[in-house]
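Only one structure is covered here, and it is reproduced in the block below.
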Amino acid sequence: MVTQTKSATRRPSLSPEQIRAKILDAAADCLVDGGFASGRLLSAIARKAGLSRPTLYKYGGTIDDIKQALLERELAAFLDALAPRLRTLTWTVDSIADLLIFIVGYARGHTLLNAALRDVPELVLPVFTLQAAGPIRLITEMAEPIVQEQIDNGSLPPVDVPVLTDVLFRVTLSTVLIRSDLDFDDPATLRSYLHTAINFAAELPAS
């Protein structure tokens, strides 16, 4: 029998990008499991990712670096999912309601966001309220060329994209964060509410 050498059985090494992805995946899992309130989060992430602490520091940085990178990754995933819906947007109640239903549903069903709101609302809420200019700016930068295409082909009127983004962000935020007797986890309730709200605005006469 021919024995394999150590080099032949050694697992292929991961690229820096793959290591960083492992760190962020592990961080997301740990945070969802209650890690937002943990004082030993770095150790938990290292164990979950199967990495040493030095390797974690080398490729992930501090816990604040990891949280910021995770926020940027989650926002990028949201923007990727939003883009095709913007490309089919038309200036109708149904189309705008469908867009808002997707955005609200995405946010309300986001496990990491829900975990953060559960464990550290005092840290999360400012990101989407007092410090929301950054996320709104990123969404606007992504949305502007796509919406402009819709304007150019006649699907949309010449809307002010930064204002439109700001309005959609505020509607989404209030629907996600403000709890009332209305069950917005029920798609029918959410759709009815948004249709009614958009119709209210559409039917108001100009001054």
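FYI, nothing fancy with the structure tokens labels: chains A, B, ... in order, residues from 1 per chain, ligands from 1 as they appear.
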
Subject >> Long-range neighbours of range 78-87 of chain A as an NGL selection string, 12 Å cut-off, only C-alpha atoms, 6 positions minimum in chain >> reply: :A and (71-72 or 95-107 or 110 or 135-136 or 138-153 or 155-156 or 161 or 164-165)

Original post:
Do you know which residues are at most 12 Å from range 202-204 of chain A counting only C-alpha atoms, after dropping those on the same chain fewer than 3 positions away, and could you put them as a list in words?
Top reply: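 Counting only the stated atoms, we get Trp91, Thr92, Val93, Ile96, His195, Thr196, Ala197, Ile198, Asn199 and Ser207 of chain A.
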
**OP:** To one decimal in Å, tell me the separation between CA of Ser192 in chain A and CA of Leu117 in chain A.
**Re:**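 So the two atoms, CA of Ser192 in chain A and CA of Leu117 in chain A, lie 26.0 Å apart.
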
**OP:** Write out as a PyMOL selection string each polymer residue whose atoms come within 12 Å of Asp33 in chain A, counting only C-alpha atoms; drop sequence neighbours fewer than 6 positions from it.
**Re:** chain A and resi 26-27+41+44-45+48+111-112+114-116+118-119

**OP:** Name the residues in contact with range 54-58 of chain A at a cut-off of 12 Å, using only C-alpha atoms, excluding same-chain residues fewer than 2 positions from it; report them as a ChimeraX atom specification.
**Re:** /A:14,16,19-24,26-27,41-52,60-66

Residues just named, written with N, CA and C atoms as a tab-separated table (two decimals), in the first residue's frame:
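Final file, again29.tsv:
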chain	number	residue	atom	x	y	z
A	14	LEU	N	-7.37	28.29	2.44
A	14	LEU	CA	-8.41	29.23	2.02
A	14	LEU	C	-7.78	30.56	1.63
A	16	PRO	N	-7.74	34.73	1.47
A	16	PRO	CA	-8.15	35.74	2.46
A	16	PRO	C	-9.64	36.07	2.37
A	19	ILE	N	-11.59	33.32	4.05
A	19	ILE	CA	-11.45	33.40	5.51
A	19	ILE	C	-12.33	34.50	6.06
A	20	ARG	N	-12.34	35.66	5.40
A	20	ARG	CA	-13.18	36.76	5.86
A	20	ARG	C	-14.66	36.38	5.79
A	21	ALA	N	-15.04	35.65	4.73
A	21	ALA	CA	-16.42	35.20	4.62
A	21	ALA	C	-16.79	34.25	5.76
A	22	LYS	N	-15.85	33.35	6.11
A	22	LYS	CA	-16.08	32.43	7.24
A	22	LYS	C	-16.27	33.20	8.54
A	23	ILE	N	-15.48	34.24	8.72
A	23	ILE	CA	-15.57	35.06	9.93
A	23	ILE	C	-16.93	35.74	10.00
A	24	LEU	N	-17.36	36.31	8.88
A	24	LEU	CA	-18.65	37.02	8.88
A	24	LEU	C	-19.82	36.05	9.05
A	26	ALA	N	-19.69	33.23	10.71
A	26	ALA	CA	-19.67	32.84	12.11
A	26	ALA	C	-20.18	33.96	13.00
A	27	ALA	N	-19.80	35.20	12.67
A	27	ALA	CA	-20.26	36.36	13.45
A	27	ALA	C	-21.77	36.47	13.39
A	41	LEU	N	-17.53	37.82	22.60
A	41	LEU	CA	-18.00	37.55	21.25
A	41	LEU	C	-16.87	37.12	20.33
A	42	LEU	N	-15.69	37.73	20.45
A	42	LEU	CA	-14.58	37.36	19.58
A	42	LEU	C	-14.19	35.90	19.76
A	43	SER	N	-14.16	35.44	21.00
A	43	SER	CA	-13.84	34.04	21.25
A	43	SER	C	-14.89	33.12	20.64
A	44	ALA	N	-16.16	33.52	20.76
A	44	ALA	CA	-17.24	32.70	20.19
A	44	ALA	C	-17.14	32.64	18.67
A	45	ILE	N	-16.81	33.78	18.04
A	45	ILE	CA	-16.68	33.82	16.58
A	45	ILE	C	-15.52	32.93	16.13
A	46	ALA	N	-14.39	33.03	16.85
A	46	ALA	CA	-13.23	32.22	16.49
A	46	ALA	C	-13.55	30.73	16.57
A	47	ARG	N	-14.24	30.32	17.64
A	47	ARG	CA	-14.62	28.90	17.78
A	47	ARG	C	-15.57	28.49	16.66
A	48	LYS	N	-16.56	29.32	16.39
A	48	LYS	CA	-17.55	28.99	15.36
A	48	LYS	C	-16.91	28.88	13.98
A	49	ALA	N	-15.95	29.76	13.70
A	49	ALA	CA	-15.28	29.76	12.40
A	49	ALA	C	-14.17	28.73	12.31
A	50	GLY	N	-13.77	28.15	13.45
A	50	GLY	CA	-12.68	27.19	13.45
A	50	GLY	C	-11.34	27.86	13.20
A	51	LEU	N	-11.17	29.07	13.73
A	51	LEU	CA	-9.94	29.84	13.52
A	51	LEU	C	-9.32	30.20	14.85
A	52	SER	N	-8.03	30.44	14.82
A	52	SER	CA	-7.35	30.91	16.02
A	52	SER	C	-7.64	32.40	16.20
A	60	GLY	N	-10.09	39.56	10.29
A	60	GLY	CA	-11.37	40.18	10.66
A	60	GLY	C	-11.24	41.50	11.38
A	61	GLY	N	-10.12	41.68	12.10
A	61	GLY	CA	-9.93	42.91	12.85
A	61	GLY	C	-10.61	42.84	14.21
A	62	THR	N	-10.98	43.99	14.72
A	62	THR	CA	-11.64	44.06	16.02
A	62	THR	C	-13.11	43.68	15.89
A	63	ILE	N	-13.78	43.57	17.01
A	63	ILE	CA	-15.20	43.25	16.97
A	63	ILE	C	-15.98	44.34	16.25
A	64	ASP	N	-15.56	45.60	16.42
A	64	ASP	CA	-16.24	46.69	15.71
A	64	ASP	C	-16.02	46.58	14.20
A	65	ASP	N	-14.81	46.18	13.80
A	65	ASP	CA	-14.52	45.97	12.38
A	65	ASP	C	-15.41	44.87	11.80
A	66	ILE	N	-15.56	43.80	12.55
A	66	ILE	CA	-16.37	42.67	12.08
A	66	ILE	C	-17.84	43.07	11.97

**OP:** Give the helix (DSSP H, G or I) residues of range 64-181 of chain A, as DSSP finds them on the backbone, and put them as a count of residues only.
**Re:** 94

Subject >> Residue among A:Val176, A:Leu113, A:Leu75, A:Leu190 lying closest to Arg137 in chain A, counting only C-alpha atoms >> reply: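 Comparing A:Val176, A:Leu113, A:Leu75, A:Leu190 against Arg137 in chain A, the winner is A:Leu75.
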
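Between CA of Ala28 in chain A and CA of Ala69 in chain A there is a distance of 10.8 Å.
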
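Between CA of Tyr59 in chain A and CA of Gln18 in chain A there is a distance of 9.9 Å.
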